[in-house]
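Asker: So I've got this file, coords_1.txt, and it contains compact mmCIF, C-alpha atoms:
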# COMPACT_ATOMS: atom_id res chain seq x y z
CA MET A 1 28.16 12.46 29.83
CA LEU A 2 27.44 8.83 29.08
CA ASN A 3 25.83 8.38 32.48
CA SER A 4 23.38 11.15 31.82
CA GLY A 5 22.44 9.27 28.67
CA ILE A 6 21.57 6.03 30.39
CA ASP A 7 19.55 7.93 32.99
CA VAL A 8 17.14 8.93 30.25
CA LEU A 9 15.89 5.36 30.18
CA ARG A 10 14.98 5.47 33.86
CA GLU A 11 13.44 8.89 33.72
CA GLY A 12 9.68 9.42 33.97
CA LEU A 13 7.63 7.12 31.81
CA ASN A 14 10.33 6.62 29.16
CA ALA A 15 10.82 2.90 29.74
CA GLU A 16 7.07 2.29 29.75
CA ARG A 17 6.67 4.31 26.57
CA LEU A 18 9.38 2.29 24.82
CA LEU A 19 7.66 -0.93 25.85
CA GLY A 20 4.37 0.49 24.59
CA GLY A 21 6.00 1.12 21.22
CA LEU A 22 7.38 -2.39 21.28
CA LEU A 23 3.86 -3.68 21.85
CA ILE A 24 2.66 -1.94 18.66
CA THR A 25 5.57 -3.52 16.78
CA ALA A 26 4.75 -6.93 18.26
CA GLN A 27 1.05 -6.58 17.44
CA ILE A 28 1.76 -5.80 13.79
CA ALA A 29 4.17 -8.73 13.58
CA PHE A 30 1.82 -11.13 15.38
CA VAL A 31 -1.26 -10.33 13.30
CA SER A 32 0.76 -10.50 10.06
CA VAL A 33 2.33 -13.84 10.98
CA ILE A 34 -1.09 -15.35 11.77
CA ILE A 35 -2.69 -14.06 8.57
CA SER A 36 0.24 -15.13 6.41
CA SER A 37 0.31 -18.61 7.95
CA ILE A 38 -3.33 -19.18 7.03
CA LEU A 39 -3.02 -17.60 3.57
CA GLY A 40 0.37 -19.30 3.05
CA ILE A 41 -1.11 -22.79 3.50
CA ILE A 42 -3.77 -21.99 0.91
CA VAL A 43 -1.21 -20.48 -1.48
CA GLY A 44 1.06 -23.51 -1.01
CA LEU A 45 -1.74 -25.98 -1.75
CA VAL A 46 -2.82 -24.01 -4.82
CA ARG A 47 0.78 -23.88 -6.07
CA THR A 48 0.97 -27.68 -6.23
CA SER A 49 -1.89 -27.49 -8.76
CA LYS A 50 -1.31 -29.00 -12.18
CA VAL A 51 -2.78 -26.00 -14.01
CA ARG A 52 0.18 -24.15 -15.50
CA VAL A 53 -1.47 -20.73 -15.60
CA VAL A 54 -2.28 -20.90 -11.89
CA ARG A 55 1.28 -21.94 -11.06
CA PHE A 56 2.65 -19.11 -13.20
CA ILE A 57 0.47 -16.44 -11.59
CA PHE A 58 1.44 -17.48 -8.08
CA ARG A 59 5.10 -17.67 -9.09
CA LEU A 60 4.81 -14.09 -10.33
CA TYR A 61 3.21 -13.08 -7.03
CA LEU A 62 6.16 -14.56 -5.10
CA GLU A 63 8.79 -13.03 -7.39
CA ALA A 64 7.15 -9.60 -7.09
CA PHE A 65 7.80 -9.68 -3.35
CA ARG A 66 11.26 -11.18 -3.77
CA ILE A 67 12.45 -8.57 -6.26
CA ILE A 68 10.91 -5.37 -4.91
CA PRO A 69 12.11 -4.37 -1.42
CA ILE A 70 9.50 -4.43 1.35
CA LEU A 71 10.12 -0.76 2.10
CA VAL A 72 9.21 0.06 -1.50
CA TRP A 73 5.99 -1.96 -1.12
CA LEU A 74 5.13 -0.03 2.04
CA PHE A 75 5.69 3.25 0.18
CA LEU A 76 3.67 2.08 -2.81
CA ILE A 77 0.60 1.41 -0.71
CA TYR A 78 1.03 4.15 1.87
CA PHE A 79 1.68 6.97 -0.61
CA GLY A 80 0.64 5.53 -3.97
CA VAL A 81 -2.64 3.68 -3.47
CA THR A 82 -3.96 6.25 -1.03
CA ASN A 83 -3.10 8.97 -3.54
CA VAL A 84 -4.52 7.33 -6.65
CA PHE A 85 -7.79 6.21 -5.03
CA ASP A 86 -8.00 9.20 -2.74
CA ILE A 87 -8.50 7.16 0.43
CA HIS A 88 -6.84 7.29 3.80
CA LEU A 89 -5.10 4.23 5.19
CA ALA A 90 -3.38 4.23 8.57
CA GLY A 91 0.26 3.19 8.61
CA GLU A 92 -0.61 0.18 10.79
CA VAL A 93 -3.17 -1.07 8.26
CA VAL A 94 -0.72 -0.69 5.38
CA ALA A 95 1.97 -2.49 7.37
CA ILE A 96 -0.27 -5.44 8.23
CA LEU A 97 -1.49 -5.63 4.63
CA ILE A 98 2.00 -5.71 3.12
CA PHE A 99 3.55 -8.00 5.72
CA SER A 100 0.64 -10.43 5.35
CA LEU A 101 0.86 -10.50 1.56
CA TRP A 102 4.65 -10.87 1.65
CA GLY A 103 4.44 -13.54 4.36
CA ALA A 104 1.75 -15.44 2.46
CA ALA A 105 3.92 -15.50 -0.66
CA GLU A 106 6.99 -16.77 1.21
CA MET A 107 5.00 -19.13 3.43
CA GLY A 108 3.27 -20.47 0.31
CA ASP A 109 6.68 -21.28 -1.16
CA ILE A 110 7.73 -23.09 2.03
CA VAL A 111 4.46 -25.09 2.10
CA ARG A 112 4.80 -25.95 -1.59
CA GLY A 113 8.41 -27.04 -1.10
CA ALA A 114 7.42 -29.26 1.83
CA LEU A 115 4.52 -30.86 -0.05
CA GLU A 116 6.62 -31.49 -3.15
CA SER A 117 9.48 -32.97 -1.13
CA LEU A 118 7.22 -35.77 0.11
CA PRO A 119 7.97 -39.05 -1.65
CA ARG A 120 5.61 -39.77 -4.51
CA HIS A 121 4.73 -43.23 -3.20
CA GLN A 122 3.09 -41.70 -0.13
CA ILE A 123 0.40 -40.22 -2.34
CA GLU A 124 0.10 -43.38 -4.39
CA SER A 125 -0.20 -45.61 -1.33
CA GLY A 126 -2.88 -43.35 0.06
CA LYS A 127 -4.81 -43.49 -3.17
CA ALA A 128 -4.38 -47.25 -3.34
CA LEU A 129 -5.99 -47.50 0.09
CA GLY A 130 -8.96 -45.65 -1.36
CA LEU A 131 -8.56 -42.41 0.60
CA SER A 132 -10.45 -39.43 -0.71
CA PHE A 133 -8.61 -36.22 -1.68
CA TRP A 134 -9.31 -34.61 1.68
CA GLN A 135 -8.44 -37.73 3.64
CA LEU A 136 -5.17 -37.93 1.72
CA TYR A 137 -4.23 -34.39 2.77
CA ARG A 138 -5.63 -34.65 6.26
CA PHE A 139 -4.00 -37.95 7.29
CA ILE A 140 -0.94 -38.36 5.09
CA LEU A 141 0.38 -35.22 3.44
CA ILE A 142 -0.21 -32.45 5.98
CA PRO A 143 1.19 -34.28 9.04
CA GLN A 144 4.38 -35.09 7.15
CA ALA A 145 4.68 -31.70 5.51
CA VAL A 146 4.37 -29.81 8.82
CA ARG A 147 7.66 -31.27 10.06
CA ARG A 148 9.46 -30.16 6.95
CA LEU A 149 8.03 -26.68 6.84
CA LEU A 150 8.02 -25.64 10.48
CA PRO A 151 11.72 -24.62 10.80
CA GLY A 152 11.47 -22.53 7.64
CA ALA A 153 8.19 -21.01 8.76
CA ILE A 154 9.66 -19.97 12.12
CA ASN A 155 12.68 -18.43 10.39
CA LEU A 156 10.31 -16.47 8.19
CA SER A 157 8.55 -15.23 11.31
CA THR A 158 11.80 -13.86 12.75
CA ARG A 159 12.42 -12.09 9.45
CA MET A 160 8.95 -10.57 9.67
CA VAL A 161 9.48 -9.42 13.25
CA LYS A 162 12.78 -7.80 12.23
CA THR A 163 11.21 -6.12 9.25
CA THR A 164 8.52 -4.48 11.37
CA SER A 165 11.21 -1.95 12.30
CA LEU A 166 10.54 -0.39 8.88
CA VAL A 167 7.03 0.76 9.81
CA VAL A 168 8.55 3.86 11.40
CA MET A 169 9.17 5.06 7.83
CA ILE A 170 5.41 5.21 7.12
CA GLY A 171 4.55 7.08 10.25
CA VAL A 172 3.62 4.31 12.69
CA ILE A 173 4.45 5.15 16.31
CA ASP A 174 6.42 1.97 16.95
CA VAL A 175 9.34 1.33 19.30
CA VAL A 176 11.77 3.14 16.96
CA LYS A 177 9.59 6.25 16.76
CA VAL A 178 9.13 6.35 20.53
CA GLY A 179 12.91 6.06 20.83
CA GLN A 180 13.37 8.99 18.48
CA GLN A 181 10.88 11.07 20.46
CA ILE A 182 12.71 10.36 23.71
CA ILE A 183 16.05 11.26 22.13
CA GLU A 184 14.71 14.51 20.68
CA ARG A 185 13.13 15.58 23.92
CA SER A 186 16.28 15.01 25.95
CA VAL A 187 18.72 16.36 23.37
CA LEU A 188 19.88 19.23 25.59
CA LYS A 189 19.83 17.45 28.93
CA ALA A 190 21.36 14.19 27.82
CA PRO A 191 23.18 14.41 24.50
CA ALA A 192 24.32 10.78 24.75
CA ALA A 193 20.76 9.47 24.89
CA SER A 194 20.80 8.17 21.31
CA PHE A 195 23.59 5.73 22.12
CA TRP A 196 21.59 4.14 24.93
CA VAL A 197 18.14 4.32 23.38
CA TYR A 198 19.18 2.78 20.05
CA GLY A 199 21.37 0.31 21.92
CA LEU A 200 18.38 -0.73 24.00
CA ILE A 201 16.11 -1.09 20.95
CA PHE A 202 18.81 -3.19 19.30
CA ILE A 203 18.83 -5.51 22.32
CA LEU A 204 15.02 -5.55 22.52
CA TYR A 205 14.76 -6.82 18.95
CA PHE A 206 17.40 -9.41 19.70
CA ILE A 207 15.47 -10.60 22.77
CA ILE A 208 12.34 -11.11 20.67
CA CYS A 209 13.97 -12.76 17.66
CA TYR A 210 16.64 -14.94 19.26
CA PRO A 211 14.28 -17.42 21.00
CA LEU A 212 12.49 -17.94 17.68
CA SER A 213 15.82 -18.69 15.95
CA ILE A 214 16.76 -21.19 18.65
CA LEU A 215 13.36 -22.87 18.34
CA ALA A 216 13.78 -23.19 14.57
CA LYS A 217 17.26 -24.69 14.97
CA ARG A 218 16.07 -27.14 17.67
CA LEU A 219 13.22 -28.40 15.52
CA GLU A 220 15.53 -28.72 12.54
CA THR A 221 18.01 -30.96 14.38
CA LYS A 222 15.24 -32.88 16.13
CA TRP A 223 13.39 -33.76 12.94
CA GLU A 224 16.45 -34.35 10.81
CA ARG A 225 16.65 -37.94 9.76
CA MET B 1 -4.39 8.34 -15.00
CA ASN B 2 -2.29 11.06 -16.53
CA ILE B 3 1.42 10.72 -16.14
CA ASN B 4 3.30 13.97 -15.92
CA TRP B 5 6.13 13.09 -18.31
CA GLU B 6 7.82 16.42 -17.90
CA PHE B 7 8.24 15.73 -14.21
CA VAL B 8 9.52 12.23 -14.99
CA LEU B 9 12.14 13.62 -17.37
CA THR B 10 13.32 16.39 -15.07
CA SER B 11 13.72 14.07 -12.09
CA LEU B 12 15.38 11.31 -14.09
CA PRO B 13 18.94 12.53 -13.33
CA LEU B 14 18.15 12.44 -9.60
CA TYR B 15 17.07 8.81 -9.88
CA GLU B 16 20.10 7.96 -11.96
CA LYS B 17 22.42 9.39 -9.35
CA ALA B 18 20.57 7.61 -6.58
CA ALA B 19 20.69 4.30 -8.45
CA TRP B 20 24.46 4.59 -8.81
CA LEU B 21 24.76 5.26 -5.09
CA THR B 22 22.56 2.24 -4.31
CA LEU B 23 24.65 0.09 -6.62
CA LYS B 24 27.91 1.34 -5.15
CA LEU B 25 26.85 0.71 -1.57
CA ALA B 26 25.45 -2.71 -2.47
CA LEU B 27 28.64 -3.68 -4.29
CA TRP B 28 30.89 -2.71 -1.37
CA GLY B 29 28.49 -4.33 1.06
CA ILE B 30 28.39 -7.57 -0.94
CA LEU B 31 32.16 -7.73 -1.45
CA SER B 32 33.03 -7.10 2.17
CA SER B 33 30.33 -9.42 3.49
CA LEU B 34 31.65 -12.16 1.19
CA LEU B 35 35.09 -11.68 2.72
CA LEU B 36 33.74 -11.53 6.27
CA GLY B 37 31.54 -14.55 5.62
CA LEU B 38 34.40 -16.58 4.19
CA PHE B 39 36.59 -15.64 7.15
CA CYS B 40 33.86 -16.61 9.65
CA SER B 41 33.09 -19.90 7.94
CA VAL B 42 36.78 -20.87 7.91
CA ILE B 43 36.94 -20.18 11.65
CA LEU B 44 33.78 -22.22 12.26
CA TYR B 45 34.99 -25.04 10.01
CA SER B 46 38.43 -25.31 11.52
CA LYS B 47 36.99 -24.83 15.03
CA VAL B 48 39.58 -22.32 16.24
CA LYS B 49 39.15 -22.37 20.01
CA GLY B 50 37.55 -19.30 21.54
CA LEU B 51 37.34 -17.51 18.24
CA ASP B 52 34.52 -19.74 17.00
CA ARG B 53 32.43 -18.66 19.99
CA VAL B 54 32.92 -15.02 19.06
CA VAL B 55 31.93 -15.77 15.48
CA ARG B 56 28.84 -17.70 16.59
CA GLY B 57 27.81 -14.83 18.86
CA TYR B 58 28.26 -12.36 16.02
CA ILE B 59 26.16 -14.48 13.67
CA GLU B 60 23.27 -14.70 16.14
CA LEU B 61 23.44 -10.98 16.91
CA SER B 62 23.48 -10.00 13.26
CA ARG B 63 20.72 -12.38 12.16
CA ASN B 64 18.31 -11.42 14.92
CA THR B 65 18.39 -7.64 14.73
CA PRO B 66 17.03 -5.32 12.03
CA LEU B 67 19.39 -3.39 9.75
CA LEU B 68 17.53 -0.15 10.44
CA ILE B 69 18.42 -0.31 14.13
CA GLN B 70 22.00 -1.32 13.35
CA LEU B 71 22.31 1.74 11.12
CA PHE B 72 20.69 4.08 13.67
CA PHE B 73 23.05 2.81 16.33
CA LEU B 74 26.10 3.27 14.09
CA TYR B 75 25.08 6.67 12.78
CA TYR B 76 23.38 8.35 15.75
CA GLY B 77 24.63 6.28 18.69
CA LEU B 78 28.35 5.82 18.13
CA PRO B 79 29.25 9.54 17.76
CA LYS B 80 28.17 9.92 21.40
CA ILE B 81 31.08 7.78 22.49
CA GLY B 82 33.45 9.57 20.17
CA ILE B 83 33.24 7.42 17.04
CA THR B 84 31.95 9.45 14.11
CA LEU B 85 31.56 7.75 10.76
CA SER B 86 30.30 9.18 7.49
CA GLU B 87 26.88 8.08 6.20
CA GLN B 88 28.38 5.92 3.46
CA VAL B 89 30.81 4.20 5.82
CA CYS B 90 27.95 3.52 8.24
CA ALA B 91 25.86 2.03 5.45
CA ILE B 92 28.68 -0.23 4.26
CA ILE B 93 29.53 -1.34 7.81
CA GLY B 94 25.85 -2.02 8.46
CA LEU B 95 25.44 -4.05 5.27
CA THR B 96 28.63 -5.97 6.01
CA PHE B 97 27.58 -6.68 9.58
CA LEU B 98 24.22 -7.96 8.34
CA GLY B 99 25.45 -9.76 5.22
CA GLY B 100 28.53 -11.38 6.76
CA SER B 101 26.50 -13.78 8.85
CA TYR B 102 24.27 -14.79 5.95
CA MET B 103 27.31 -15.39 3.75
CA ALA B 104 29.06 -17.37 6.50
CA GLU B 105 26.07 -19.70 6.81
CA ALA B 106 26.00 -20.17 3.04
CA PHE B 107 29.71 -21.05 2.88
CA ARG B 108 29.44 -23.39 5.85
CA GLY B 109 26.50 -25.19 4.28
CA GLY B 110 28.50 -25.68 1.08
CA ILE B 111 31.62 -27.02 2.78
CA GLU B 112 29.58 -29.38 4.95
CA SER B 113 27.71 -30.71 1.94
CA VAL B 114 30.88 -32.27 0.49
CA SER B 115 30.60 -35.90 1.52
CA LYS B 116 33.25 -37.50 3.68
CA SER B 117 33.87 -40.26 1.17
CA GLN B 118 34.91 -37.63 -1.38
CA ILE B 119 37.54 -36.24 0.94
CA GLU B 120 38.74 -39.71 1.92
CA SER B 121 38.97 -40.81 -1.71
CA GLY B 122 40.97 -37.70 -2.49
CA LEU B 123 43.36 -38.43 0.36
CA SER B 124 43.68 -42.07 -0.63
CA ILE B 125 44.83 -41.26 -4.15
CA GLY B 126 47.55 -39.14 -2.61
CA LEU B 127 46.28 -35.58 -3.11
CA SER B 128 47.95 -32.95 -0.97
CA LYS B 129 45.75 -30.80 1.29
CA MET B 130 45.88 -27.91 -1.18
CA GLN B 131 45.06 -30.16 -4.12
CA LEU B 132 42.17 -31.63 -2.14
CA VAL B 133 40.72 -28.19 -1.47
CA ARG B 134 41.37 -27.00 -5.01
CA HIS B 135 40.12 -30.01 -6.99
CA VAL B 136 37.65 -31.81 -4.70
CA ILE B 137 36.13 -29.60 -2.02
CA LEU B 138 35.84 -26.19 -3.65
CA PRO B 139 34.19 -27.19 -6.94
CA GLN B 140 31.55 -29.23 -5.15
CA ALA B 141 31.03 -26.75 -2.34
CA PHE B 142 30.76 -23.91 -4.83
CA SER B 143 27.83 -25.28 -6.77
CA VAL B 144 25.92 -25.99 -3.57
CA THR B 145 26.75 -22.57 -2.12
CA LEU B 146 26.00 -20.54 -5.22
CA PRO B 147 22.17 -20.38 -4.96
CA SER B 148 22.31 -19.09 -1.40
CA LEU B 149 25.18 -16.69 -2.18
CA GLY B 150 23.09 -15.33 -5.05
CA ALA B 151 20.03 -14.99 -2.87
CA ASN B 152 22.17 -13.12 -0.31
CA CYS B 153 23.45 -10.72 -2.97
CA ILE B 154 19.89 -9.85 -3.99
CA PHE B 155 18.91 -9.61 -0.33
CA LEU B 156 21.71 -7.10 0.32
CA LEU B 157 20.89 -5.08 -2.78
CA LYS B 158 17.30 -4.83 -1.53
CA GLU B 159 18.37 -4.00 2.00
CA THR B 160 20.16 -0.89 0.72
CA SER B 161 16.65 0.60 0.44
CA ILE B 162 16.94 1.29 4.17
CA VAL B 163 20.05 3.51 4.04
CA GLY B 164 17.88 6.52 3.16
CA ALA B 165 17.00 6.55 6.84
CA ILE B 166 20.50 7.82 7.71
CA ALA B 167 20.30 10.70 5.24
CA LEU B 168 21.90 9.01 2.24
CA PRO B 169 20.31 10.19 -1.01
CA ASP B 170 19.41 6.69 -2.24
CA LEU B 171 16.36 5.76 -4.33
CA MET B 172 13.97 5.71 -1.36
CA HIS B 173 15.24 9.00 -0.05
CA VAL B 174 14.94 10.75 -3.42
CA THR B 175 11.41 9.41 -3.83
CA GLN B 176 10.38 10.57 -0.39
CA ASP B 177 11.84 14.03 -1.10
CA LEU B 178 10.07 14.36 -4.45
CA ILE B 179 6.73 13.28 -2.99
CA GLY B 180 7.17 15.78 -0.19
CA MET B 181 8.16 18.67 -2.46
CA TYR B 182 6.04 18.28 -5.59
CA TYR B 183 3.21 15.88 -4.65
CA GLN B 184 3.93 13.91 -7.85
CA THR B 185 3.31 10.74 -5.89
CA PHE B 186 2.40 8.39 -8.70
CA GLU B 187 5.28 9.37 -10.97
CA SER B 188 7.85 9.24 -8.19
CA LEU B 189 6.74 5.79 -7.04
CA LEU B 190 6.63 4.51 -10.60
CA MET B 191 10.23 5.59 -11.15
CA LEU B 192 11.21 4.03 -7.83
CA VAL B 193 9.84 0.64 -8.83
CA VAL B 194 11.32 0.82 -12.32
CA ALA B 195 14.72 1.74 -10.85
CA TYR B 196 14.68 -1.29 -8.54
CA LEU B 197 13.58 -3.56 -11.38
CA ILE B 198 16.46 -2.28 -13.53
CA LEU B 199 18.90 -2.96 -10.68
CA ILE B 200 17.65 -6.32 -9.48
CA LEU B 201 16.09 -8.15 -12.46
CA PRO B 202 19.33 -8.56 -14.47
CA LEU B 203 21.15 -9.82 -11.37
CA SER B 204 18.34 -12.25 -10.60
CA LEU B 205 18.27 -13.60 -14.18
CA PHE B 206 22.07 -13.84 -14.32
CA LEU B 207 22.15 -15.80 -11.05
CA SER B 208 19.56 -18.34 -12.16
CA TRP B 209 21.50 -18.82 -15.41
CA LEU B 210 24.73 -19.29 -13.44
CA GLU B 211 23.04 -21.82 -11.15
CA ARG B 212 22.06 -23.97 -14.11
CA ARG B 213 25.60 -23.72 -15.50
CA VAL B 214 27.43 -24.95 -12.42
CA ARG B 215 25.00 -27.71 -11.45
CA TYR B 216 27.25 -30.25 -13.23
CA ALA B 217 29.68 -30.09 -10.35
CA GLU B 218 27.25 -31.61 -7.89
CA PHE B 219 28.08 -35.22 -7.40
CA GLY B 220 26.34 -38.17 -5.89
CA ASN B 221 22.88 -36.63 -5.46
Kindly return the structure encoded in the file as structure tokens.
Answerer:
Amino acid sequence: MLNSGIDVLREGLNAERLLGGLLITAQIAFVSVIISSILGIIVGLVRTSKVRVVRFIFRLYLEAFRIIPILVWLFLIYFGVTNVFDIHLAGEVVAILIFSLWGAAEMGDIVRGALESLPRHQIESGKALGLSFWQLYRFILIPQAVRRLLPGAINLSTRMVKTTSLVVMIGVIDVVKVGQQIIERSVLKAPAASFWVYGLIFILYFIICYPLSILAKRLETKWER
Amino acid sequence: MNINWEFVLTSLPLYEKAAWLTLKLALWGILSSLLLGLFCSVILYSKVKGLDRVVRGYIELSRNTPLLIQLFFLYYGLPKIGITLSEQVCAIIGLTFLGGSYMAEAFRGGIESVSKSQIESGLSIGLSKMQLVRHVILPQAFSVTLPSLGANCIFLLKETSIVGAIALPDLMHVTQDLIGMYYQTFESLLMLVVAYLILILPLSLFLSWLERRVRYAEFGN
């Protein structure tokens, strides 16, 4: 019985279809990580601002994503916003929107932490040399901050890749949905299919995320002083 | 925007029940992942041969795979090889599997943060191993570990939002049902968000208060 289950993976186009679903998942993750890296740097820079109101608003933005589960956010936009404003948004668009906003908030916190951890005298020395604001960031702060934020940023990326598995709940045909379709179609022929299909998806996610984790750990030990 | 208060009132009991279920699952998940995490960190710390490899493998596996897939595998996959678990047991096992590795890392970080000179000083004034752990290592490790333990608790409480996917009537599941049946989308989502705020905000505030309270125990930084 178990053998008939594993055969499902080799049957027809099933393996290709699963990989196609994985590609959708990877695309959503990739686009979101890129957008949130760019936005995150801006958010991080803004959050080092001395204006209290600005700091408070961005703190609120971060806490909103920390307190409310991502799945709830996906539901809010996918069902709520589309309902209230009577518009149609595809699941993929909603997913990229939420993951980017969430990523930007978290990335902003990592960037802010890295900038604030730099010793004060670095800024003062730069100013004493007569560097302009942009020169100060370009030549002194950003190069040093990147080392401190990269491990955290990569870890955030693995979390984002993992979380893309949730998009199946808002109707995106990702790797999980394709898996479910394959299981449903072969329910009579191969009742054990779900064991193998979900097992394979489990391993697929691991294969994507694990190298990123290793990279983050390597960089952390390499740059540790 | 008109809110249909009658609908809100009639579905309130459903949300209340779902919130209790969420809380119950989160509590069991947090407790058992604390235990599993402590167990794993002790093995890693004392470097038990062979066993530490297993623990390290488990940590990598659990940190690099999504909870949703872990749950699907437990709930839909395992019965095919003769292991059938109830939805609630699956959810708790899934949360423990996921949370255990995060807790283990937090504990390990705390124990490692206690400086060597502290342990050596303790030994040199003649403390026994138990006294050393009780009076020197634990208090210092605890205050360092607490923020990440707290963050993990909130993380696990939020992750319970996924258990609706294996047919548990949690907050997400109830909301999805109500939207599907009555099209009261706005009201249902509003109650969903309020329910999560009621669950998570007090915990979050309590943890930041606790963090400030125990900071005195940090030494030498």
Asker: Find the spatial neighbours of A:Thr82, counting all atoms listed in the file, within a cut-off of 12 Å - ignore same-chain residues fewer than 5 positions away - and output them as a PyMOL selection string.
Answerer: (chain A and resi 74-77+87-91+93-94) or (chain B and resi 185-186)
Asker: Kindly give the distance, in Å, that separates atom CA of A:Gly108 and atom CA of A:Trp134, rounded to a single decimal.
Answerer: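 Spanning atom CA of A:Gly108 to atom CA of A:Trp134 is a straight-line distance of 19.0 Å.
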Asker: How far is it from atom CA of A:Leu131 to atom CA of A:Arg112, in Å with one decimal?
Answerer: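 Separation of atom CA of A:Leu131 and atom CA of A:Arg112: 21.3 Å.
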Asker: Given a cut-off of 7 Å, which residues of chain A touch chain B, counting all atoms listed in the file, written out as a list in words?
Answerer: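 Only these qualify: Ile67, Ile68, Pro69, Leu71, Leu76, Phe79, Gly80, Lys162, Thr163, Ser165, Ala192, Ser194, Phe195, Tyr198, Gly199, Phe202, Tyr205, Phe206, Cys209 and Tyr210 of chain A.
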Asker: Quick one: residues within 9 Å of A:Ile24, all atoms listed in the file counted, chain neighbours fewer than 2 positions away excluded, as a PyMOL selection string?
Answerer: chain A and resi 19-22+26-29+92+172-175
Asker: Would you work out the distance separating atom CA of A:Thr48 from atom CA of A:Trp223, expressed in Å to one decimal?
Answerer: 23.6 Å
Asker: Using all atoms listed in the file, which protein or nucleic acid residues come within 8 Å of stretch 51-59 of chain B? Drop anything in the same chain fewer than 2 positions from it, and give the result as a ChimeraX atom specification.
Answerer: /B:40,43-44,47-49,61-63,100-102
Asker: Which residues are close to stretch 36-47 of chain A, i.e. within 6 Å by all atoms listed in the file, leaving aside same-chain residues fewer than 5 positions away? Reply as a compact mmCIF listing (two decimals) with C-alpha atoms, keeping the file's coordinate frame.
Answerer:
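around12.txt, freshly written:
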# COMPACT_ATOMS: atom_id res chain seq x y z
CA ARG A 55 1.28 -21.94 -11.06
CA SER A 100 0.64 -10.43 5.35
CA GLY A 103 4.44 -13.54 4.36
CA ALA A 104 1.75 -15.44 2.46
CA MET A 107 5.00 -19.13 3.43
CA GLY A 108 3.27 -20.47 0.31
CA VAL A 111 4.46 -25.09 2.10
CA ARG A 112 4.80 -25.95 -1.59
Asker: Between A:Ile182, A:Thr164, A:Glu63, A:Gln135, which has the minimum distance to A:Leu23 (counting only C-alpha atoms)?
Answerer: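 Checking each of A:Ile182, A:Thr164, A:Glu63, A:Gln135 against A:Leu23, counting only C-alpha atoms, the winner is A:Thr164.
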Asker: Select, from B:Leu132, B:Ala91, B:Leu146, B:Ile30, the residue with the minimum atom-to-atom distance to B:Val214, counting only C-alpha atoms.
Answerer: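 Of all the options, B:Leu146 lies closest to B:Val214.
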Asker: Determine the axis-aligned bounding box of all atoms of stretch 89-96 of chain B present in the file, pad each side by 5 Å, and express its centre and edge lengths in Å to one decimal place as JSON.
Answerer:
{"center_x": 28.1, "center_y": -0.9, "center_z": 6.4, "size_x": 15.4, "size_y": 20.2, "size_z": 14.2}
Asker: Can you work out which one of B:Gly150, B:Pro169, B:Gly122, B:Gly37 has the shortest atom-to-atom distance to B:Ile137, counting only C-alpha atoms?
Answerer: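 Using only C-alpha atoms, the shortest distance to B:Ile137 belongs to B:Gly122.
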Asker: Counting all atoms listed in the file, write as a count of residues only all protein and nucleic acid residues lying at most 12 Å from (28.3, -0.2, -5.1) in the file's frame.
Answerer: 25
Asker: Which neighbours of B:Phe142 fall inside 12 Å, counting only C-alpha atoms, when residues of the same chain fewer than 5 positions from it are skipped, and could you give them as a ChimeraX atom specification?
Answerer: /B:106-114,133-137,147-150,210-211,213-219
Asker: Compare B:Leu123, B:Ser128, B:Leu34, B:Ile83 by their minimum atom-to-atom distance to B:Phe97, counting all atoms listed in the file, and give me the closest one.
Answerer: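 For B:Phe97, the nearest of the candidates is B:Leu34.
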Asker: With distances taken over all atoms listed in the file, which of B:Ile125, B:Val163, B:Val42, B:Ala141 is nearest to B:Ile93?
Answerer: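 Among the listed residues, the smallest separation from B:Ile93 belongs to B:Val163.
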